[in-house]
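Asker: Mind looking over this structure? Questions follow.
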Amino acid sequence: MTMSGILTLAFTLFLLATCHGARMLPETKTSTEFIKTSCNTTSYPDLCFSTLSSYASKIQTNPLNLASTALSVSLSSAQSTTAVLTNISAAHGMDPHDKEALHDCMDTLGDAVDDLRQSAETMSHLGGEKMGYQINSIQTWVSAALTDDNTCMDGFRTSGEDVRKDVRRHVLNVARLTSNALDLINGLSSTITNSVP
């Protein structure tokens, strides 16, 4: 291939990439706007947008993709928080009351992980005649996970300040993500209910 041919090919590829990018920008912007608007209906809109906006190409403007992604983010956070709590519990010299409260919290958070995992599994197979039942089940499990997240902190009310602050920071993030996921699932439920004649 001659130098002229290479330059022509390079210019053509540049034009195609530029045109393709220009077409993608409105879709990405629309997806981002959809996420922002949807997140404004949640209890923690800033956290919602900051955790979900990077998934705009996956979510697009689909309420099911949005709720499913929020659920996955919450599950992932709960799993990583469980690992962090395991590391905290391995610390030597921890007050016995703190250690007991931490183990209770880990058990409760483990229940939340199970509830969120079951919800995500059901969400991935959502559809058919049992869709209403599936959505109700997901709402129940995510509500239970949120209760578990909040219950996790109960044992730390009289525990040492350092441990309590560290655990609270991690668990509070999971609780807020779970709350946002539940808000978006409730929104999905309303969308589905309103679309059924």
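Order determines the names: the first chain of the structure tokens is A, the second B, and so forth; residues in each chain are numbered 1 upward, and ligands are numbered 1 upward as they are shown.
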So which residues touch A:Leu188 within 10 Å, counting only C-alpha atoms, skipping near sequence neighbours fewer than 3 positions away, as a ChimeraX atom specification?

Answerer: /A:62-68,135,182-185,191-194

Asker: What's the 8 Å shell around stretch 76-90 of chain A, counting only C-alpha atoms, without same-chain residues fewer than 3 positions away, as a PyMOL selection string?

Answerer: chain A and resi 72-73+94+99+102-103+106+109-110+112-113+167+170-171+173-174

Asker: Please measure the separation of atom CA of A:Arg176 and atom CA of A:Gly127, giving the value in Å to one decimal.

Answerer: 27.3 Å

Asker: Rounded to one decimal, what separation in Å do you get between atom CA of A:Gly187 and atom CA of A:Asp149?

Answerer: 21.5 Å

Asker: Taking only C-alpha atoms into account, which of A:Asp104, A:Glu129, A:Thr140, A:Arg169 comes nearest A:Asn186?

Answerer: A:Thr140

Asker: Could you list, as a PyMOL selection string, every residue within 6 Å of stretch 41-56 of chain A, counting only C-alpha atoms and ignoring same-chain residues fewer than 6 positions away?

Answerer: chain A and resi 31-32+180+183

Asker: Considering only C-alpha atoms, return as a list in words whatever protein or nucleic-acid residues lie within 8 Å of A:Ser74, sequence-local ones (same chain, fewer than 5 positions apart) excluded.

Answerer: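 Selected residues are Leu116, Val174, Leu177, Thr178 and Ala181 of chain A.
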
Asker: Quick one: of A:Glu100, A:Glu121, A:Asp162, A:Asp107, who's nearest to A:Asp148, counting only C-alpha atoms?

Answerer: A:Asp107

Asker: Can you check which residues of stretch 151-183 of chain A DSSP gives as helix (DSSP H, G or I) on the backbone and send them as a list in words?

Answerer: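 Taking stretch 151-183 of chain A and keeping helix (DSSP H, G or I) only, one gets Thr151, Cys152, Asp154, Gly155, Phe156, Glu161, Asp162, Val163, Arg164, Lys165, Asp166, Val167, Arg168, Arg169, His170, Val171, Leu172, Asn173, Val174, Ala175, Arg176, Leu177, Thr178, Ser179, Asn180, Ala181, Leu182 and Asp183 of chain A.
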
Asker: Using N, CA and C atoms, can you write the selected residues to a file as an mmCIF file, in the first residue's frame?

Answerer:
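Written output follows (selection.cif):
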```cif
data_model
loop_
_atom_site.group_PDB
_atom_site.id
_atom_site.type_symbol
_atom_site.label_atom_id
_atom_site.label_comp_id
_atom_site.auth_asym_id
_atom_site.auth_seq_id
_atom_site.Cartn_x
_atom_site.Cartn_y
_atom_site.Cartn_z
ATOM 1 N N THR A 151 -29.604 -3.719 61.703
ATOM 2 C CA THR A 151 -29.474 -4.508 62.919
ATOM 3 C C THR A 151 -28.010 -4.764 63.249
ATOM 4 N N CYS A 152 -27.203 -4.856 62.223
ATOM 5 C CA CYS A 152 -25.775 -5.110 62.396
ATOM 6 C C CYS A 152 -25.138 -4.099 63.338
ATOM 7 N N ASP A 154 -26.597 -2.527 65.858
ATOM 8 C CA ASP A 154 -27.203 -2.469 67.194
ATOM 9 C C ASP A 154 -26.252 -2.893 68.308
ATOM 10 N N GLY A 155 -25.468 -3.933 68.080
ATOM 11 C CA GLY A 155 -24.578 -4.440 69.124
ATOM 12 C C GLY A 155 -23.421 -3.524 69.446
ATOM 13 N N PHE A 156 -23.208 -2.496 68.631
ATOM 14 C CA PHE A 156 -22.065 -1.614 68.826
ATOM 15 C C PHE A 156 -22.394 -0.353 69.615
ATOM 16 N N GLU A 161 -15.321 2.935 70.822
ATOM 17 C CA GLU A 161 -15.571 3.945 69.804
ATOM 18 C C GLU A 161 -14.834 3.655 68.499
ATOM 19 N N ASP A 162 -13.583 3.235 68.562
ATOM 20 C CA ASP A 162 -12.804 2.997 67.343
ATOM 21 C C ASP A 162 -13.410 1.892 66.486
ATOM 22 N N VAL A 163 -13.732 0.774 67.115
ATOM 23 C CA VAL A 163 -14.308 -0.350 66.374
ATOM 24 C C VAL A 163 -15.669 0.042 65.814
ATOM 25 N N ARG A 164 -16.465 0.677 66.655
ATOM 26 C CA ARG A 164 -17.816 1.063 66.236
ATOM 27 C C ARG A 164 -17.767 2.000 65.037
ATOM 28 N N LYS A 165 -16.885 2.991 65.062
ATOM 29 C CA LYS A 165 -16.772 3.931 63.940
ATOM 30 C C LYS A 165 -16.352 3.226 62.660
ATOM 31 N N ASP A 166 -15.382 2.345 62.766
ATOM 32 C CA ASP A 166 -14.876 1.637 61.591
ATOM 33 C C ASP A 166 -15.958 0.750 60.974
ATOM 34 N N VAL A 167 -16.628 -0.012 61.835
ATOM 35 C CA VAL A 167 -17.691 -0.902 61.348
ATOM 36 C C VAL A 167 -18.845 -0.072 60.799
ATOM 37 N N ARG A 168 -19.225 0.969 61.525
ATOM 38 C CA ARG A 168 -20.353 1.807 61.098
ATOM 39 C C ARG A 168 -20.116 2.391 59.710
ATOM 40 N N ARG A 169 -18.912 2.865 59.443
ATOM 41 C CA ARG A 169 -18.597 3.460 58.141
ATOM 42 C C ARG A 169 -18.850 2.464 57.014
ATOM 43 N N HIS A 170 -18.406 1.243 57.198
ATOM 44 C CA HIS A 170 -18.573 0.226 56.151
ATOM 45 C C HIS A 170 -20.028 -0.238 56.028
ATOM 46 N N VAL A 171 -20.653 -0.508 57.168
ATOM 47 C CA VAL A 171 -22.023 -1.038 57.146
ATOM 48 C C VAL A 171 -23.013 0.026 56.693
ATOM 49 N N LEU A 172 -22.770 1.274 57.074
ATOM 50 C CA LEU A 172 -23.658 2.357 56.660
ATOM 51 C C LEU A 172 -23.672 2.498 55.138
ATOM 52 N N ASN A 173 -22.525 2.341 54.514
ATOM 53 C CA ASN A 173 -22.458 2.402 53.051
ATOM 54 C C ASN A 173 -23.300 1.286 52.431
ATOM 55 N N VAL A 174 -23.189 0.075 52.971
ATOM 56 C CA VAL A 174 -23.997 -1.047 52.465
ATOM 57 C C VAL A 174 -25.481 -0.746 52.658
ATOM 58 N N ALA A 175 -25.840 -0.242 53.835
ATOM 59 C CA ALA A 175 -27.251 0.057 54.113
ATOM 60 C C ALA A 175 -27.794 1.108 53.143
ATOM 61 N N ARG A 176 -26.991 2.117 52.853
ATOM 62 C CA ARG A 176 -27.451 3.169 51.934
ATOM 63 C C ARG A 176 -27.573 2.652 50.506
ATOM 64 N N LEU A 177 -26.623 1.843 50.079
ATOM 65 C CA LEU A 177 -26.719 1.240 48.737
ATOM 66 C C LEU A 177 -27.934 0.323 48.643
ATOM 67 N N THR A 178 -28.182 -0.429 49.709
ATOM 68 C CA THR A 178 -29.333 -1.337 49.736
ATOM 69 C C THR A 178 -30.635 -0.550 49.729
ATOM 70 N N SER A 179 -30.676 0.546 50.471
ATOM 71 C CA SER A 179 -31.854 1.406 50.477
ATOM 72 C C SER A 179 -32.126 1.961 49.084
ATOM 73 N N ASN A 180 -31.074 2.417 48.416
ATOM 74 C CA ASN A 180 -31.232 2.934 47.052
ATOM 75 C C ASN A 180 -31.710 1.842 46.105
ATOM 76 N N ALA A 181 -31.141 0.648 46.237
ATOM 77 C CA ALA A 181 -31.575 -0.467 45.380
ATOM 78 C C ALA A 181 -33.058 -0.745 45.600
ATOM 79 N N LEU A 182 -33.480 -0.746 46.859
ATOM 80 C CA LEU A 182 -34.900 -0.987 47.160
ATOM 81 C C LEU A 182 -35.772 0.110 46.552
ATOM 82 N N ASP A 183 -35.345 1.361 46.649
ATOM 83 C CA ASP A 183 -36.109 2.459 46.046
ATOM 84 C C ASP A 183 -36.256 2.255 44.535
#
```
